Amino acid sequence: MHKKPFDFWNNAVALAAFCAFVFLYLPIVTLILFSFNSNNVTKLPLTGWTLDWYAKALTNSDLLTALWNSIIVAIATVFICLVIGVPTAFALDRFQFPGKNLFRRLVLLPITLPGIITGVSILSFFSMVNIPLSLWTVIVGHGTAFTAIVVTSLFARLQRFDRRLEEASADAGAQPWQTFLYITLPNIRTALIGSGLICFTLSFDEIPVTFFLTGRDNTLPMYIWSVVRRGITPEINAIGTIIIITSIVIIFFSILMINDDSNPKK
Amino acid sequence: MRKNRIAFLSVISGPVLWWSLVLLVPYLIMFTLSFYTRKFPSHIPDLHFGNYAILLADPQYVVVFIRTIKVAFFVSITSFLLSFPLAYFLARKVRSKRIQLMLYVATIIPLWVSYLLRAYTWKTILGSEGVLNSFLIWTGIIKAPVSFFLYNQVAMIITMSYIFMPFMMMPIYASLEKIPDNLINASKDLGASRLTSFLRITLPLSMPGILAGFTFTFCMASGDFISPVLVGGPYSNMIANVVTSQFGLAMNWPLGSAISVILLAIVIIVISISDRFENTGRVNLG
């Protein structure tokens, strides 16, 4: 047996990859670390373990109101994204129609564009037709910004879906709604849940659209934004840790759902 | 055939109505507004190019446009330098499919995790009372805190590269992963050195992904207004910051709309250019 010679390039690539990975996670670790540190300035060395920042955050009534608003907005956003996104994806997958390419591009535009454009354009619209800003307008904005996520992941799933299953079901005498309920839906279910969860977390964190469309009500990110512009407080680290951990868990499951390959087209 | 048409109409009418109301009409209104005249406290209908003329002539706006393009460009380069080795390592060096998938998911999870909090964390890291300074003092590398980490364009580029790096990573990984091993092996069998097969096979075949990555990162970075405020300091206003102030305190919606239209145009041009080059390597959400 001879040892493999030291391979410079392979090691260099591995090292660079490792550094990039550290770069991705070090800030997240820092945020979490200082949410448990007793010093009210985020500096090293650490001064001791505490849960005070969590206690402070969770008794802050402005913050809790904002949190509640964000939850309502996120749930309503998921609802819009599914109600609009599902038929859009079906139309793109199953029908040929004039202007289809243009329609597809238009629908996908909001995830490629910076959120600020969605925010500004919808704000102009609402002000022109005299609709006052409120959480409702925020919900419409989020729905516009994120529906494309449901469309793309559902469209990808529909493309892999074997439509002969639907034909077989129709041949066997099933009504269209039965075919949809018992054949189509089970096949696209995980894509719907997965993309719905992503819409939830994105709406929950959204700033650029909310910034323009919110009235007097604050969402959680808008509240955090108003605080961090003024300065740094570990209270934000505490609430941030809760948000980040929850998002990581939700996102992890949604990615698994969207990539679910239990029904691949053969 | 008729049944098909009814099915089609029932599926398409809702979405078409919705997308027209929230996307098409607002874009048109924004476009129209950009030709209006500002009249305190609001604006009056008009049709002139004065707002665009201001943007092209007034140096304070020209500077902002150039800065935005410059920052977005450097953010794309930095994200590329960080993402490519990572994507290459995951796609070509990790042999176990399971570990590959796990690491890939771990790299793109930060993409969906609170953008605001990730920008905020860099403020706590780079500040003069921050983590980096106190670390350097603690370990004795410097004596007194230095202030040049935060509130400049470098801080902004680091923060935005961090925020948008997964947008670069995803399409590059997708294109690298698709390259068949056979091609690389064949080139080696034919006597190509490793550098040659990388330059003549791997790199050209991953170009669509690299282009898509640059497009996404550039577009996202050019519309950011959070990082400039949090870590950018006094000379860091970007296009998006001007838009927020025109729609906010400055109360000049027509000018703000004109800037948004230009931003929209820049982004659409960048997207169409990269569309011409490729159709693969699109961002895949999972």
# chains A, B, ... in the order shown; residues from 1 in each chain; ligands from 1
>>> interface_residues(of="chain A", to="chain B", cutoff="7 Å", atoms="only C-alpha atoms", output="PDB file with N, CA and C atoms, in the first residue's frame")
ATOM      1  N   VAL A  13      -9.380  23.470  -2.499  1.00  0.00           N
ATOM      2  CA  VAL A  13     -10.824  23.595  -2.740  1.00  0.00           C
ATOM      3  C   VAL A  13     -11.601  23.301  -1.464  1.00  0.00           C
ATOM      4  N   ALA A  14     -11.195  22.226  -0.774  1.00  0.00           N
ATOM      5  CA  ALA A  14     -11.890  21.866   0.466  1.00  0.00           C
ATOM      6  C   ALA A  14     -11.771  22.984   1.482  1.00  0.00           C
ATOM      7  N   ALA A  16     -11.269  26.245   0.899  1.00  0.00           N
ATOM      8  CA  ALA A  16     -12.077  27.389   0.469  1.00  0.00           C
ATOM      9  C   ALA A  16     -13.555  27.130   0.753  1.00  0.00           C
ATOM     10  N   ALA A  17     -14.003  25.900   0.482  1.00  0.00           N
ATOM     11  CA  ALA A  17     -15.399  25.554   0.742  1.00  0.00           C
ATOM     12  C   ALA A  17     -15.700  25.662   2.227  1.00  0.00           C
ATOM     13  N   ALA A  20     -16.049  29.296   3.220  1.00  0.00           N
ATOM     14  CA  ALA A  20     -17.326  29.853   2.784  1.00  0.00           C
ATOM     15  C   ALA A  20     -18.445  29.389   3.721  1.00  0.00           C
ATOM     16  N   LEU A  24     -20.902  31.627   6.151  1.00  0.00           N
ATOM     17  CA  LEU A  24     -22.363  31.567   6.137  1.00  0.00           C
ATOM     18  C   LEU A  24     -22.951  31.433   7.544  1.00  0.00           C
ATOM     19  N   PRO A  27     -22.029  34.415  11.459  1.00  0.00           N
ATOM     20  CA  PRO A  27     -22.907  35.483  11.935  1.00  0.00           C
ATOM     21  C   PRO A  27     -24.151  34.954  12.650  1.00  0.00           C
ATOM     22  N   LEU A  31     -25.123  35.838  16.492  1.00  0.00           N
ATOM     23  CA  LEU A  31     -26.418  36.383  16.910  1.00  0.00           C
ATOM     24  C   LEU A  31     -26.981  35.583  18.082  1.00  0.00           C
ATOM     25  N   THR A  42     -22.770  44.029  22.701  1.00  0.00           N
ATOM     26  CA  THR A  42     -22.390  42.768  22.062  1.00  0.00           C
ATOM     27  C   THR A  42     -20.890  42.752  21.786  1.00  0.00           C
ATOM     28  N   LYS A  43     -20.092  42.486  22.836  1.00  0.00           N
ATOM     29  CA  LYS A  43     -18.643  42.418  22.654  1.00  0.00           C
ATOM     30  C   LYS A  43     -18.067  41.250  23.430  1.00  0.00           C
ATOM     31  N   LEU A  44     -16.872  40.863  23.015  1.00  0.00           N
ATOM     32  CA  LEU A  44     -16.152  39.789  23.699  1.00  0.00           C
ATOM     33  C   LEU A  44     -15.281  40.424  24.787  1.00  0.00           C
ATOM     34  N   PRO A  45     -14.829  39.727  25.813  1.00  0.00           N
ATOM     35  CA  PRO A  45     -15.208  38.350  26.126  1.00  0.00           C
ATOM     36  C   PRO A  45     -16.639  38.262  26.658  1.00  0.00           C
ATOM     37  N   ILE A  84     -54.102  31.704  -5.505  1.00  0.00           N
ATOM     38  CA  ILE A  84     -53.727  32.230  -6.812  1.00  0.00           C
ATOM     39  C   ILE A  84     -52.672  31.352  -7.473  1.00  0.00           C
ATOM     40  N   PRO A  87     -53.984  27.638  -9.333  1.00  0.00           N
ATOM     41  CA  PRO A  87     -54.514  27.714 -10.709  1.00  0.00           C
ATOM     42  C   PRO A  87     -53.513  28.271 -11.714  1.00  0.00           C
ATOM     43  N   THR A  88     -52.650  29.194 -11.266  1.00  0.00           N
ATOM     44  CA  THR A  88     -51.645  29.727 -12.196  1.00  0.00           C
ATOM     45  C   THR A  88     -50.716  28.602 -12.663  1.00  0.00           C
ATOM     46  N   ALA A  91     -52.548  26.303 -15.044  1.00  0.00           N
ATOM     47  CA  ALA A  91     -52.724  26.914 -16.363  1.00  0.00           C
ATOM     48  C   ALA A  91     -51.428  26.833 -17.158  1.00  0.00           C
ATOM     49  N   PHE A  95     -52.219  24.064 -20.230  1.00  0.00           N
ATOM     50  CA  PHE A  95     -52.897  24.696 -21.362  1.00  0.00           C
ATOM     51  C   PHE A  95     -51.920  25.476 -22.215  1.00  0.00           C
ATOM     52  N   THR A 112     -37.958  37.949  -8.992  1.00  0.00           N
ATOM     53  CA  THR A 112     -36.664  38.343  -9.567  1.00  0.00           C
ATOM     54  C   THR A 112     -36.390  39.817  -9.293  1.00  0.00           C
ATOM     55  N   LEU A 113     -37.444  40.597  -9.130  1.00  0.00           N
ATOM     56  CA  LEU A 113     -37.272  42.029  -8.904  1.00  0.00           C
ATOM     57  C   LEU A 113     -37.019  42.301  -7.437  1.00  0.00           C
ATOM     58  N   PRO A 114     -36.262  43.376  -7.151  1.00  0.00           N
ATOM     59  CA  PRO A 114     -36.164  43.796  -5.758  1.00  0.00           C
ATOM     60  C   PRO A 114     -37.560  44.121  -5.227  1.00  0.00           C
ATOM     61  N   ILE A 116     -38.690  46.265  -3.410  1.00  0.00           N
ATOM     62  CA  ILE A 116     -39.052  47.677  -3.334  1.00  0.00           C
ATOM     63  C   ILE A 116     -39.934  48.098  -4.516  1.00  0.00           C
ATOM     64  N   ILE A 117     -39.735  47.474  -5.687  1.00  0.00           N
ATOM     65  CA  ILE A 117     -40.534  47.846  -6.862  1.00  0.00           C
ATOM     66  C   ILE A 117     -41.975  47.377  -6.686  1.00  0.00           C
ATOM     67  N   SER A 121     -44.994  50.134  -6.545  1.00  0.00           N
ATOM     68  CA  SER A 121     -46.046  50.128  -7.559  1.00  0.00           C
ATOM     69  C   SER A 121     -47.417  49.866  -6.929  1.00  0.00           C
ATOM     70  N   ILE A 122     -47.483  48.944  -5.970  1.00  0.00           N
ATOM     71  CA  ILE A 122     -48.787  48.693  -5.344  1.00  0.00           C
ATOM     72  C   ILE A 122     -49.224  49.896  -4.511  1.00  0.00           C
ATOM     73  N   SER A 124     -48.610  53.019  -5.227  1.00  0.00           N
ATOM     74  CA  SER A 124     -49.157  54.004  -6.165  1.00  0.00           C
ATOM     75  C   SER A 124     -50.595  53.651  -6.543  1.00  0.00           C
ATOM     76  N   PHE A 125     -50.802  52.352  -6.771  1.00  0.00           N
ATOM     77  CA  PHE A 125     -52.135  51.874  -7.131  1.00  0.00           C
ATOM     78  C   PHE A 125     -53.146  52.161  -6.015  1.00  0.00           C
ATOM     79  N   THR A 144     -48.614  39.253  -3.618  1.00  0.00           N
ATOM     80  CA  THR A 144     -48.046  39.517  -4.940  1.00  0.00           C
ATOM     81  C   THR A 144     -46.582  39.092  -5.005  1.00  0.00           C
ATOM     82  N   SER A 153     -42.628  26.016  -7.652  1.00  0.00           N
ATOM     83  CA  SER A 153     -42.418  24.667  -7.125  1.00  0.00           C
ATOM     84  C   SER A 153     -43.552  23.728  -7.541  1.00  0.00           C
ATOM     85  N   LEU A 202     -41.137  33.734   4.615  1.00  0.00           N
ATOM     86  CA  LEU A 202     -40.728  34.945   3.887  1.00  0.00           C
ATOM     87  C   LEU A 202     -41.612  36.124   4.251  1.00  0.00           C
ATOM     88  N   ASP A 205     -40.782  37.618   7.583  1.00  0.00           N
ATOM     89  CA  ASP A 205     -39.544  38.401   7.630  1.00  0.00           C
ATOM     90  C   ASP A 205     -39.550  39.594   6.700  1.00  0.00           C
ATOM     91  N   ARG A 229     -32.328  50.522  13.863  1.00  0.00           N
ATOM     92  CA  ARG A 229     -31.818  51.741  13.232  1.00  0.00           C
ATOM     93  C   ARG A 229     -31.237  52.666  14.285  1.00  0.00           C
ATOM     94  N   GLY A 240     -34.465  37.640  17.733  1.00  0.00           N
ATOM     95  CA  GLY A 240     -33.871  37.154  16.487  1.00  0.00           C
ATOM     96  C   GLY A 240     -33.547  35.673  16.553  1.00  0.00           C
ATOM     97  N   ILE A 244     -34.932  32.990  14.022  1.00  0.00           N
ATOM     98  CA  ILE A 244     -34.018  32.251  13.149  1.00  0.00           C
ATOM     99  C   ILE A 244     -34.150  30.744  13.356  1.00  0.00           C
ATOM    100  N   SER A 247     -37.384  29.638  11.845  1.00  0.00           N
ATOM    101  CA  SER A 247     -37.320  29.635  10.379  1.00  0.00           C
ATOM    102  C   SER A 247     -36.491  28.468   9.876  1.00  0.00           C
ATOM    103  N   ILE A 248     -35.343  28.217  10.522  1.00  0.00           N
ATOM    104  CA  ILE A 248     -34.484  27.130  10.043  1.00  0.00           C
ATOM    105  C   ILE A 248     -35.245  25.810  10.065  1.00  0.00           C
ATOM    106  N   ILE A 251     -37.976  25.923   7.270  1.00  0.00           N
ATOM    107  CA  ILE A 251     -37.373  25.876   5.933  1.00  0.00           C
ATOM    108  C   ILE A 251     -36.825  24.485   5.652  1.00  0.00           C
ATOM    109  N   ILE A 255     -38.036  22.392   2.412  1.00  0.00           N
ATOM    110  CA  ILE A 255     -37.149  21.951   1.327  1.00  0.00           C
ATOM    111  C   ILE A 255     -37.300  20.443   1.114  1.00  0.00           C
ATOM    112  N   ILE A 258     -40.595  19.999  -0.808  1.00  0.00           N
ATOM    113  CA  ILE A 258     -40.567  20.405  -2.217  1.00  0.00           C
ATOM    114  C   ILE A 258     -39.768  19.404  -3.036  1.00  0.00           C
ATOM    115  N   ASN A 259     -38.704  18.848  -2.437  1.00  0.00           N
ATOM    116  CA  ASN A 259     -37.870  17.902  -3.174  1.00  0.00           C
ATOM    117  C   ASN A 259     -38.369  16.472  -3.063  1.00  0.00           C
TER     118      ASN A 259
END
>>> select_by_dssp(residues="stretch 14-82 of chain A", states="helix (DSSP H, G or I)", output="number ranges by chain")
A: 14-35, 52-59, 61-82
>>> write_last_selection(atoms="C-alpha atoms", output="PDB file, in the first residue's frame")
ATOM      1  CA  ALA A  14     -11.890  21.866   0.466  1.00  0.00           C
ATOM      2  CA  LEU A  15     -10.386  24.661   2.539  1.00  0.00           C
ATOM      3  CA  ALA A  16     -12.077  27.389   0.469  1.00  0.00           C
ATOM      4  CA  ALA A  17     -15.399  25.554   0.742  1.00  0.00           C
ATOM      5  CA  PHE A  18     -14.938  25.244   4.478  1.00  0.00           C
ATOM      6  CA  CYS A  19     -14.218  28.979   4.805  1.00  0.00           C
ATOM      7  CA  ALA A  20     -17.326  29.853   2.784  1.00  0.00           C
ATOM      8  CA  PHE A  21     -19.380  27.617   5.034  1.00  0.00           C
ATOM      9  CA  VAL A  22     -17.979  29.270   8.156  1.00  0.00           C
ATOM     10  CA  PHE A  23     -18.744  32.666   6.605  1.00  0.00           C
ATOM     11  CA  LEU A  24     -22.363  31.567   6.137  1.00  0.00           C
ATOM     12  CA  TYR A  25     -22.901  30.387   9.682  1.00  0.00           C
ATOM     13  CA  LEU A  26     -20.576  32.449  11.879  1.00  0.00           C
ATOM     14  CA  PRO A  27     -22.907  35.483  11.935  1.00  0.00           C
ATOM     15  CA  ILE A  28     -25.887  33.310  12.815  1.00  0.00           C
ATOM     16  CA  VAL A  29     -23.911  31.707  15.633  1.00  0.00           C
ATOM     17  CA  THR A  30     -22.831  35.170  16.816  1.00  0.00           C
ATOM     18  CA  LEU A  31     -26.418  36.383  16.910  1.00  0.00           C
ATOM     19  CA  ILE A  32     -27.497  33.396  18.983  1.00  0.00           C
ATOM     20  CA  LEU A  33     -24.469  33.508  21.286  1.00  0.00           C
ATOM     21  CA  PHE A  34     -25.034  37.113  22.330  1.00  0.00           C
ATOM     22  CA  SER A  35     -28.707  36.548  23.037  1.00  0.00           C
ATOM     23  CA  ASP A  52     -32.923  38.194  30.771  1.00  0.00           C
ATOM     24  CA  TRP A  53     -33.037  39.311  27.137  1.00  0.00           C
ATOM     25  CA  TYR A  54     -35.633  36.688  26.379  1.00  0.00           C
ATOM     26  CA  ALA A  55     -37.686  37.726  29.398  1.00  0.00           C
ATOM     27  CA  LYS A  56     -37.445  41.357  28.289  1.00  0.00           C
ATOM     28  CA  ALA A  57     -38.407  40.583  24.713  1.00  0.00           C
ATOM     29  CA  LEU A  58     -41.350  38.412  25.666  1.00  0.00           C
ATOM     30  CA  THR A  59     -42.826  41.015  28.014  1.00  0.00           C
ATOM     31  CA  SER A  61     -45.977  44.728  24.542  1.00  0.00           C
ATOM     32  CA  ASP A  62     -45.068  46.636  21.340  1.00  0.00           C
ATOM     33  CA  LEU A  63     -43.053  43.663  20.239  1.00  0.00           C
ATOM     34  CA  LEU A  64     -45.829  41.189  21.033  1.00  0.00           C
ATOM     35  CA  THR A  65     -48.413  43.237  19.121  1.00  0.00           C
ATOM     36  CA  ALA A  66     -46.060  43.339  16.143  1.00  0.00           C
ATOM     37  CA  LEU A  67     -45.488  39.592  16.439  1.00  0.00           C
ATOM     38  CA  TRP A  68     -49.214  38.939  16.399  1.00  0.00           C
ATOM     39  CA  ASN A  69     -49.696  41.198  13.369  1.00  0.00           C
ATOM     40  CA  SER A  70     -46.936  39.340  11.550  1.00  0.00           C
ATOM     41  CA  ILE A  71     -48.531  35.972  12.247  1.00  0.00           C
ATOM     42  CA  ILE A  72     -51.893  37.163  10.876  1.00  0.00           C
ATOM     43  CA  VAL A  73     -50.242  38.648   7.791  1.00  0.00           C
ATOM     44  CA  ALA A  74     -48.189  35.502   7.162  1.00  0.00           C
ATOM     45  CA  ILE A  75     -51.202  33.172   7.422  1.00  0.00           C
ATOM     46  CA  ALA A  76     -53.279  35.353   5.084  1.00  0.00           C
ATOM     47  CA  THR A  77     -50.329  35.558   2.675  1.00  0.00           C
ATOM     48  CA  VAL A  78     -50.040  31.775   2.496  1.00  0.00           C
ATOM     49  CA  PHE A  79     -53.762  31.626   1.757  1.00  0.00           C
ATOM     50  CA  ILE A  80     -53.457  34.087  -1.148  1.00  0.00           C
ATOM     51  CA  CYS A  81     -50.331  32.416  -2.500  1.00  0.00           C
ATOM     52  CA  LEU A  82     -52.100  29.056  -2.651  1.00  0.00           C
TER      53      LEU A  82
END
>>> residues_around(residues="stretch 184-186 of chain B", least_positions_apart="4", cutoff="8 Å", atoms="only C-alpha atoms", output="NGL selection string")
:B and (180 or 190 or 197 or 201-202)
>>> write_last_selection(atoms="C-alpha atoms", output="PDB file, in the first residue's frame")
ATOM      1  CA  PRO B 180     -21.357  14.026 -16.348  1.00  0.00           C
ATOM      2  CA  LEU B 190      -6.997  11.939 -23.646  1.00  0.00           C
ATOM      3  CA  SER B 197     -10.057  19.821 -18.161  1.00  0.00           C
ATOM      4  CA  ILE B 201     -14.879  21.397 -19.681  1.00  0.00           C
ATOM      5  CA  THR B 202     -16.026  22.221 -16.163  1.00  0.00           C
TER       6      THR B 202
END
>>> residues_around(residues="A:Leu92", least_positions_apart="6", cutoff="8 Å", atoms="only C-alpha atoms", output="number ranges by chain")
A: 100, 104, 155
>>> write_last_selection(atoms="N, CA and C atoms", output="PDB file, in the first residue's frame")
ATOM      1  N   LYS A 100     -48.829  33.094 -23.439  1.00  0.00           N
ATOM      2  CA  LYS A 100     -48.455  32.271 -22.296  1.00  0.00           C
ATOM      3  C   LYS A 100     -47.061  32.623 -21.768  1.00  0.00           C
ATOM      4  N   ARG A 104     -46.148  34.001 -18.122  1.00  0.00           N
ATOM      5  CA  ARG A 104     -45.206  33.335 -17.220  1.00  0.00           C
ATOM      6  C   ARG A 104     -44.168  34.333 -16.702  1.00  0.00           C
ATOM      7  N   PHE A 155     -45.327  24.024 -10.338  1.00  0.00           N
ATOM      8  CA  PHE A 155     -45.136  23.789 -11.768  1.00  0.00           C
ATOM      9  C   PHE A 155     -44.093  22.686 -11.986  1.00  0.00           C
TER      10      PHE A 155
END
>>> residues_around(residues="stretch 207-212 of chain B", least_positions_apart="6", cutoff="12 Å", atoms="only C-alpha atoms", output="ChimeraX atom specification")
/A:112 /B:76-77,79-81,83-84,87-88,167-179,199-201,218-219,270-284
>>> residues_around(residues="A:Leu108", least_positions_apart="6", cutoff="9 Å", atoms="only C-alpha atoms", output="list in words")
Thr147, Ala148, Ile149, Val151 and Thr152 of chain A
>>> select_by_dssp(residues="stretch 7-224 of chain B", states="strand (DSSP E or B)", output="PyMOL selection string")
chain B and resi 37-39+42-44
>>> write_last_selection(atoms="N, CA and C atoms", output="mmCIF file, in the first residue's frame")
data_model
loop_
_atom_site.group_PDB
_atom_site.id
_atom_site.type_symbol
_atom_site.label_atom_id
_atom_site.label_comp_id
_atom_site.auth_asym_id
_atom_site.auth_seq_id
_atom_site.Cartn_x
_atom_site.Cartn_y
_atom_site.Cartn_z
ATOM 1 N N THR B 37 -46.288 65.879 -12.408
ATOM 2 C CA THR B 37 -45.552 66.980 -11.801
ATOM 3 C C THR B 37 -45.837 66.998 -10.321
ATOM 4 N N ARG B 38 -44.814 67.247 -9.557
ATOM 5 C CA ARG B 38 -44.996 67.326 -8.128
ATOM 6 C C ARG B 38 -45.642 68.659 -7.788
ATOM 7 N N LYS B 39 -46.676 68.599 -6.940
ATOM 8 C CA LYS B 39 -47.263 69.854 -6.487
ATOM 9 C C LYS B 39 -47.642 69.650 -5.039
ATOM 10 N N SER B 42 -48.972 66.947 -2.932
ATOM 11 C CA SER B 42 -49.071 65.694 -3.655
ATOM 12 C C SER B 42 -48.532 65.886 -5.067
ATOM 13 N N HIS B 43 -49.305 65.522 -6.082
ATOM 14 C CA HIS B 43 -48.801 65.656 -7.446
ATOM 15 C C HIS B 43 -49.979 65.810 -8.389
ATOM 16 N N ILE B 44 -49.740 66.378 -9.558
ATOM 17 C CA ILE B 44 -50.829 66.545 -10.527
ATOM 18 C C ILE B 44 -50.482 65.855 -11.841
#
